[in-house]
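Trainee: I am sharing coords_26.cif, which consists of mmCIF, C-alpha atoms:
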data_data
loop_
_atom_site.label_atom_id
_atom_site.label_comp_id
_atom_site.auth_asym_id
_atom_site.auth_seq_id
_atom_site.Cartn_x
_atom_site.Cartn_y
_atom_site.Cartn_z
CA MET A 1 0.00 0.00 0.00
CA LYS A 2 1.02 3.58 -0.68
CA ILE A 3 -0.31 6.02 1.90
CA LEU A 4 -0.41 9.83 2.01
CA PHE A 5 -0.33 11.34 5.50
CA LEU A 6 -1.51 14.95 5.82
CA GLY A 7 -0.82 17.20 8.81
CA TYR A 8 1.35 16.30 11.78
CA GLY A 9 4.89 15.10 11.06
CA ASP A 10 7.17 12.62 12.84
CA LYS A 11 8.07 15.19 15.49
CA ASP A 12 4.41 15.71 16.38
CA SER A 13 3.12 12.13 16.22
CA ASN A 14 4.48 8.61 15.86
CA LEU A 15 1.58 7.48 13.68
CA ILE A 16 3.61 7.80 10.48
CA SER A 17 6.29 5.42 11.75
CA VAL A 18 3.67 3.01 13.12
CA ILE A 19 1.92 2.91 9.75
CA GLY A 20 5.23 2.55 7.90
CA ASP A 21 6.18 -0.49 10.00
CA LYS A 22 3.19 -2.45 8.75
CA SER A 23 4.15 -5.17 6.27
CA CYS A 24 1.33 -4.24 3.89
CA VAL A 25 2.62 -0.67 3.57
CA SER A 26 5.34 -0.04 1.00
CA ARG A 27 5.54 3.75 1.35
CA VAL A 28 4.18 6.60 3.47
CA ASP A 29 4.42 10.11 2.02
CA TYR A 30 3.87 13.12 4.26
CA THR A 31 2.98 16.77 3.78
CA LYS A 32 1.48 19.59 5.80
CA GLU A 33 1.19 21.85 2.74
CA VAL A 34 -1.83 22.34 0.49
CA THR A 35 -2.11 19.49 -1.99
CA ASN A 36 -4.71 18.53 -4.54
CA ASP A 37 -2.93 15.54 -6.11
CA PHE A 38 -3.92 12.26 -4.49
CA SER A 39 -3.29 9.98 -7.46
CA GLY A 40 -1.40 6.74 -6.91
CA TYR A 41 -2.33 6.31 -3.24
CA ASP A 42 -4.32 3.52 -1.62
CA LEU A 43 -5.24 5.53 1.47
CA VAL A 44 -5.10 9.17 2.59
CA ILE A 45 -5.02 10.04 6.30
CA SER A 46 -5.53 13.57 7.63
CA TYR A 47 -4.47 14.39 11.19
CA GLY A 48 -3.87 17.97 12.26
CA TYR A 49 -4.11 19.11 8.64
CA GLN A 50 -4.85 22.85 8.49
CA HIS A 51 -6.26 23.00 4.97
CA ILE A 52 -9.64 22.15 3.46
CA ILE A 53 -9.45 19.74 0.54
CA LYS A 54 -11.30 21.11 -2.48
CA ALA A 55 -14.54 19.39 -3.51
CA GLU A 56 -13.21 18.69 -7.02
CA SER A 57 -10.16 17.00 -5.53
CA LEU A 58 -12.32 14.86 -3.27
CA ALA A 59 -14.43 13.83 -6.23
CA ALA A 60 -11.31 12.68 -8.08
CA ILE A 61 -9.85 10.63 -5.20
CA LYS A 62 -10.01 6.91 -5.96
CA CYS A 63 -9.12 5.70 -2.46
CA PRO A 64 -10.47 6.10 1.08
CA ILE A 65 -9.62 9.41 2.77
CA LEU A 66 -9.91 9.56 6.56
CA ASN A 67 -9.66 12.30 9.17
CA LEU A 68 -8.72 12.12 12.85
CA HIS A 69 -10.76 14.77 14.67
CA LEU A 70 -10.52 15.78 18.33
CA SER A 71 -14.22 15.92 19.12
CA TYR A 72 -17.17 13.61 19.59
CA LEU A 73 -18.88 14.26 16.26
CA PRO A 74 -21.30 15.66 15.29
CA PHE A 75 -20.44 18.08 18.09
CA ASN A 76 -17.75 20.69 17.53
CA ARG A 77 -16.91 20.29 13.89
CA GLY A 78 -14.30 22.66 12.53
CA SER A 79 -11.81 24.66 14.61
CA ASP A 80 -10.86 24.45 18.29
CA PRO A 81 -13.20 21.56 19.20
CA ASN A 82 -11.62 21.05 22.64
CA TYR A 83 -12.33 24.67 23.61
CA TRP A 84 -15.95 24.62 22.47
CA SER A 85 -16.73 21.31 24.16
CA PHE A 86 -16.17 23.04 27.52
CA VAL A 87 -17.74 26.40 26.67
CA GLU A 88 -20.90 24.85 25.23
CA ASN A 89 -20.94 21.86 27.60
CA THR A 90 -20.99 19.24 24.84
CA PRO A 91 -19.47 15.72 24.95
CA ASN A 92 -15.69 15.37 24.99
CA GLY A 93 -14.26 12.74 22.69
CA VAL A 94 -12.40 11.79 19.53
CA THR A 95 -13.56 10.56 16.13
CA ILE A 96 -12.09 8.90 13.05
CA HIS A 97 -14.30 9.57 10.06
CA GLU A 98 -14.39 9.59 6.29
CA ILE A 99 -13.89 12.96 4.64
CA ASN A 100 -16.62 14.32 2.39
CA SER A 101 -17.34 17.75 0.91
CA GLY A 102 -18.47 19.16 4.28
CA VAL A 103 -16.33 20.18 7.26
CA ASP A 104 -16.05 17.14 9.54
CA THR A 105 -19.43 15.85 8.35
CA GLY A 106 -18.35 12.51 6.85
CA PRO A 107 -19.48 9.07 8.05
CA ILE A 108 -17.99 7.92 11.35
CA ILE A 109 -15.70 4.89 11.49
CA TYR A 110 -14.57 4.91 15.12
CA GLN A 111 -15.16 7.26 18.03
CA LYS A 112 -14.76 7.37 21.79
CA TYR A 113 -16.06 9.43 24.70
CA VAL A 114 -13.30 10.92 26.86
CA ASN A 115 -13.69 11.72 30.55
CA PHE A 116 -10.85 13.87 31.86
CA ASP A 117 -9.04 13.28 35.14
CA LYS A 118 -9.11 15.85 37.94
CA GLY A 119 -5.46 16.63 37.27
CA GLU A 120 -6.22 17.70 33.71
CA LYS A 121 -7.20 21.26 34.54
CA THR A 122 -6.19 23.34 31.51
CA PHE A 123 -7.14 23.43 27.85
CA SER A 124 -3.57 22.36 27.10
CA ASP A 125 -3.89 19.34 29.43
CA THR A 126 -7.15 18.20 27.88
CA TYR A 127 -5.85 18.78 24.35
CA ASP A 128 -2.87 16.53 25.04
CA ARG A 129 -5.21 13.87 26.42
CA LEU A 130 -7.39 14.02 23.29
CA ARG A 131 -4.29 13.69 21.12
CA ALA A 132 -3.26 10.58 23.04
CA GLU A 133 -6.78 9.13 22.84
CA ILE A 134 -7.17 9.61 19.08
CA GLU A 135 -3.78 8.05 18.38
CA GLN A 136 -4.60 5.11 20.66
CA LEU A 137 -7.95 4.69 18.90
CA PHE A 138 -6.21 4.68 15.53
CA MET A 139 -3.46 2.25 16.53
CA GLY A 140 -5.96 -0.09 18.18
CA ASN A 141 -7.82 -0.38 14.88
CA ILE A 142 -4.95 0.11 12.44
CA ASP A 143 -5.19 -3.31 10.80
CA HIS A 144 -8.90 -2.83 10.10
CA ILE A 145 -8.29 0.69 8.82
CA LEU A 146 -5.52 -0.34 6.42
CA ALA A 147 -7.59 -3.27 5.16
CA GLY A 148 -10.72 -1.13 4.78
CA ASP A 149 -12.43 -3.59 7.11
CA TYR A 150 -14.76 -1.23 8.98
CA GLN A 151 -18.34 -0.03 9.00
CA ALA A 152 -18.87 3.70 8.39
CA GLU A 153 -22.06 5.17 9.84
CA LYS A 154 -23.73 8.45 8.93
CA GLN A 155 -23.53 11.14 11.59
CA ARG A 156 -26.73 11.66 13.55
CA GLY A 157 -28.09 15.03 14.64
CA PHE A 158 -27.12 18.58 13.79
CA GLY A 159 -24.26 18.88 16.27
CA SER A 160 -22.29 22.11 16.06
CA HIS A 161 -19.65 23.82 13.95
CA HIS A 162 -17.12 26.58 14.68
CA LYS A 163 -14.77 28.63 12.57
CA LYS A 164 -11.38 29.91 13.65
CA ALA A 165 -12.84 33.42 13.79
CA ASP A 166 -15.38 32.27 16.41
CA LEU A 167 -12.67 31.90 19.05
CA PRO A 168 -12.82 34.87 21.47
CA GLU A 169 -9.95 37.33 21.12
CA ASP A 170 -9.05 37.02 24.79
CA MET A 171 -8.44 33.27 24.46
CA GLY A 172 -4.67 33.51 24.13
CA ASP A 173 -3.32 31.12 26.75
CA TRP A 174 -4.31 27.46 26.47
CA ARG A 175 -2.68 26.81 29.85
CA VAL A 176 -5.44 28.73 31.63
CA ASN A 177 -7.45 26.81 34.25
CA ILE A 178 -10.67 25.69 32.56
CA THR A 179 -12.93 26.12 35.60
CA GLU A 180 -11.69 29.65 36.24
CA TYR A 181 -12.01 30.54 32.56
CA LEU A 182 -15.60 29.26 32.36
CA GLU A 183 -16.62 31.21 35.47
CA LYS A 184 -15.32 34.40 33.88
CA TYR A 185 -16.85 33.50 30.52
CA ASP A 186 -20.29 32.88 32.05
CA GLN A 187 -20.21 36.20 33.90
CA GLU A 188 -19.27 38.15 30.79
CA ASN A 189 -21.81 36.42 28.57
CA HIS A 190 -24.74 36.27 30.98
CA GLY A 191 -26.53 39.17 29.27
CA ILE A 192 -26.05 37.59 25.86
CA ARG A 193 -27.65 34.33 26.96
CA GLU A 194 -30.62 36.22 28.39
CA LYS A 195 -31.17 37.95 25.06
CA LEU A 196 -30.89 34.66 23.19
CA ALA A 197 -33.53 33.20 25.51
CA ILE A 198 -35.81 36.12 24.59
CA VAL A 199 -35.21 35.41 20.90
CA ASP A 200 -36.22 31.77 21.52
CA GLU A 201 -39.41 32.95 23.21
CA ILE A 202 -40.20 35.24 20.27
CA GLU A 203 -39.73 32.31 17.92
CA LYS A 204 -42.21 30.20 19.91
CA ILE A 205 -44.81 32.98 19.92
CA ARG A 206 -44.36 33.68 16.24
CA THR A 207 -44.80 29.98 15.49
CA ASN A 208 -48.08 29.96 17.41
CA ASN A 209 -49.12 33.17 15.72
CA ASN A 210 -48.55 31.73 12.27
CA VAL A 211 -51.01 28.99 13.16
CA ASN A 212 -53.46 31.67 14.27
CA TRP A 213 -53.13 33.45 10.94
CA MET A 214 -53.79 30.25 8.99
CA ASP A 215 -56.84 29.53 11.14
CA LEU A 216 -58.05 33.06 10.47
CA LEU A 217 -57.74 32.60 6.73
CA ARG A 218 -59.66 29.36 6.87
CA LEU A 219 -62.43 30.98 8.88
CA ALA A 220 -62.57 33.94 6.54
CA ILE A 221 -62.94 31.59 3.62
CA LYS A 222 -65.79 29.92 5.43
CA ALA A 223 -67.35 33.35 6.00
CA SER A 224 -67.49 33.29 9.78
CA PRO A 225 -66.91 36.93 10.83
CA THR A 226 -67.59 36.37 14.55
CA ASP A 227 -64.96 33.66 14.97
CA ALA A 228 -62.57 35.58 12.76
CA LYS A 229 -62.81 38.55 15.13
CA LYS A 230 -61.80 36.36 18.08
CA LEU A 231 -58.73 35.17 16.21
CA ILE A 232 -57.78 38.73 15.35
CA ASN A 233 -57.82 39.58 19.05
CA ARG A 234 -55.55 36.61 19.80
CA ILE A 235 -53.15 37.70 17.06
CA ASN A 236 -53.05 41.24 18.44
CA SER A 237 -52.37 39.89 21.92
CA ASP A 238 -49.41 37.84 20.74
CA ASP A 239 -48.07 40.73 18.67
CA ASN A 240 -48.12 42.90 21.80
CA LYS A 241 -46.10 40.24 23.66
CA ILE A 242 -43.55 40.22 20.85
CA SER A 243 -43.30 44.00 20.92
CA LYS A 244 -42.52 43.94 24.66
CA LEU A 245 -39.83 41.27 24.14
CA PHE A 246 -38.22 43.34 21.40
CA GLU A 247 -38.17 46.28 23.80
CA GLN A 248 -36.18 44.13 26.25
CA LEU A 249 -33.73 43.17 23.50
CA GLY A 250 -33.23 46.82 22.63
CA LYS A 251 -32.27 47.86 26.17
#
Re-express the file's structure as structure tokens.

Mentor:
Amino acid sequence: MKILFLGYGDKDSNLISVIGDKSCVSRVDYTKEVTNDFSGYDLVISYGYQHIIKAESLAAIKCPILNLHLSYLPFNRGSDPNYWSFVENTPNGVTIHEINSGVDTGPIIYQKYVNFDKGEKTFSDTYDRLRAEIEQLFMGNIDHILAGDYQAEKQRGFGSHHKKADLPEDMGDWRVNITEYLEKYDQENHGIREKLAIVDEIEKIRTNNNVNWMDLLRLAIKASPTDAKKLINRINSDDNKISKLFEQLGK
């Protein structure tokens, strides 16, 4: 087998040497640079690769292409998954999945929940643990992966996705204590969450009001002015509630 490894090099991970030691592997090529030529390979593995592979390149690939991602997909696709798992209180874990045209949306091959120890107190600590877990998950299934002997399952649920630009500007030190950071984060974003809760309430009322409007139209068609008047009053009542909620958002 000829394998292309994208992302971390030998100094960052021993996966390249582990793969190269397998008797079925004749060559492992490595790059961290942008590449769109995947011809001649039997398997492509992405781990810590900082570039998105173009859709036309993916369409032309004739071999499996896998990604090692430091989150429990479908949660925290994209950038800085370890950070967002704590901030948004979503599951911690690691996933090996097939790459498709989306960002970390491909079918899942292997994944594992990760519970951190009490001594792992910083984002840096937990990141290192996730790195160790994903490499252990890969090496524990390496023979199946190289042979293509695995079952890929479609991701379930909407999950979440974050871009690099979503990371707060003040997040500059990954060695910060996570508990202390989250306490500060919650205090600073308390007002934002309140406003988002108001938006959710507006959405619920508007949904109900849309039903009211449809009922009104049906009654109008049936020429029932008395019942139509009652519905109009209900609509006005809900609109007044929405107006008051918008006033709160504007303060």

Trainee: List the spatial neighbours of Ser160 of chain A as a VMD selection string - criterion: any atom at most 7 Å away, all atoms listed in the file, same-chain residues fewer than 2 positions off excluded.

Mentor: chain A and resid 74 to 77 158 162

Trainee: May I have the selected residues written with C-alpha atoms, as a short mmCIF file (atom, residue, chain, number, x, y, z; two decimals), in the frame of the given file?

Mentor:
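Heads up, here's the output in result-v1.cif:
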data_model
loop_
_atom_site.label_atom_id
_atom_site.label_comp_id
_atom_site.auth_asym_id
_atom_site.auth_seq_id
_atom_site.Cartn_x
_atom_site.Cartn_y
_atom_site.Cartn_z
CA PRO A 74 -21.30 15.66 15.29
CA PHE A 75 -20.44 18.08 18.09
CA ASN A 76 -17.75 20.69 17.53
CA ARG A 77 -16.91 20.29 13.89
CA PHE A 158 -27.12 18.58 13.79
CA HIS A 162 -17.12 26.58 14.68
#

Trainee: Between A:Glu33, A:Glu183, A:Asp128, A:Asp10, which residue has the minimum interatomic distance to Val114 of chain A, considering only C-alpha atoms?

Mentor: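 Smallest distance to Val114 of chain A is found for A:Asp128.
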
Trainee: Give as a PyMOL selection string the set of residues within 12 Å of the point (-6.4, 6.3, 24.3), where distances use the file's coordinates and only C-alpha atoms.

Mentor: chain A and resi 70+93-95+111-116+128-141

Trainee: Taking only C-alpha atoms into account, which of A:Asp200, A:Ile53, A:Val87, A:Val18 comes nearest Glu180 of chain A?

Mentor: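 Of A:Asp200, A:Ile53, A:Val87, A:Val18, the one nearest Glu180 of chain A, counting only C-alpha atoms, is A:Val87.
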
Trainee: Return as CSV the residues of segment 144-189 of chain A lying at most 12 Å from segment 100-106 of chain A, together with the closest atom-to-atom pair for each and the distance in Å to one decimal, counting all atoms listed in the file, with rows in chain order and ascending residue number.

Mentor:
residue,atom,partner,partner_atom,distance
A:Ala152,CA,A:Gly106,CA,9.0
A:Glu153,CA,A:Gly106,CA,8.8
A:Lys154,CA,A:Gly106,CA,7.1
A:Gln155,CA,A:Thr105,CA,7.0
A:Arg156,CA,A:Thr105,CA,9.9
A:Gly157,CA,A:Thr105,CA,10.7
A:Phe158,CA,A:Thr105,CA,9.8
A:Gly159,CA,A:Thr105,CA,9.8
A:Ser160,CA,A:Asp104,CA,10.3
A:His161,CA,A:Val103,CA,8.3
A:His162,CA,A:Val103,CA,9.8
A:Lys163,CA,A:Val103,CA,10.1

Trainee: Any idea what the distance is between atom CA of Ala220 of chain A and atom CA of Asn208 of chain A?

Mentor: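 Between atom CA of Ala220 of chain A and atom CA of Asn208 of chain A the gap is 18.5 Å.
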
Trainee: Carefully work through the PyMOL selection byres ((chain A and resi 231-248) around 7) for this structure and note down the residues it includes, as a list in words.

Mentor: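 On this input, the PyMOL selection byres ((chain A and resi 231-248) around 7) captures Ile198, Ile202, Ile205, Asn209, Asn212, Leu216, Asp227, Ala228, Lys229, Lys230, Leu249, Gly250 and Lys251 of chain A.
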
Trainee: Specify as a PyMOL selection string each residue included when the PyMOL selection byres ((chain A and resi 68) around 7) is applied to this file.

Mentor: chain A and resi 46-47+66-67+69-70+95-97+134

Trainee: Rounded to one decimal place, report the atom CA of Gly40 of chain A-atom CA of Gln151 of chain A distance in Å.

Mentor: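 Interatomic distance, atom CA of Gly40 of chain A to atom CA of Gln151 of chain A: 24.2 Å.
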
Trainee: Run the PyMOL selection byres ((chain A and resi 34) around 12) mentally over the shown coordinates, then write out the matched residues as a list in words, using the chain letters and numbers from the document.

Mentor: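 Expected selection for the PyMOL selection byres ((chain A and resi 34) around 12) here is Leu6, Gly7, Tyr30, Thr31, Lys32, Glu33, Thr35, Asn36, Asp37, Phe38, Ser46, Tyr49, Gln50, His51, Ile52, Ile53, Lys54 and Ser57 of chain A.
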
Trainee: As an exercise, work out the distance from atom CA of Gly148 of chain A to atom CA of Ile109 of chain A in Å and give it to one decimal place.

Mentor: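 One can read the atom CA of Gly148 of chain A to atom CA of Ile109 of chain A distance as 10.3 Å.
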
Trainee: Which is closest to Ala165 of chain A among A:Gly78, A:Arg27, A:Glu120, A:Asp21, if we use only C-alpha atoms?

Mentor: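 That would be A:Gly78, the residue with the smallest distance to Ala165 of chain A.
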
Trainee: Residues around (7.2, 6.5, 11.3), cut-off 12 Å, counting only C-alpha atoms - what are they as a PyMOL selection string?

Mentor: chain A and resi 5+8-22+25+27-30

Trainee: I'd like the contact shell of Lys62 of chain A - 10 Å cut-off, all atoms listed in the file, skipping same-chain residues fewer than 3 positions apart - returned as a short mmCIF file (atom, residue, chain, number, x, y, z; two decimals) with C-alpha atoms, in the frame of the given file.

Mentor:
data_model
loop_
_atom_site.label_atom_id
_atom_site.label_comp_id
_atom_site.auth_asym_id
_atom_site.auth_seq_id
_atom_site.Cartn_x
_atom_site.Cartn_y
_atom_site.Cartn_z
CA PHE A 38 -3.92 12.26 -4.49
CA SER A 39 -3.29 9.98 -7.46
CA GLY A 40 -1.40 6.74 -6.91
CA TYR A 41 -2.33 6.31 -3.24
CA ASP A 42 -4.32 3.52 -1.62
CA LEU A 43 -5.24 5.53 1.47
CA LEU A 58 -12.32 14.86 -3.27
CA ALA A 59 -14.43 13.83 -6.23
CA ILE A 65 -9.62 9.41 2.77
#
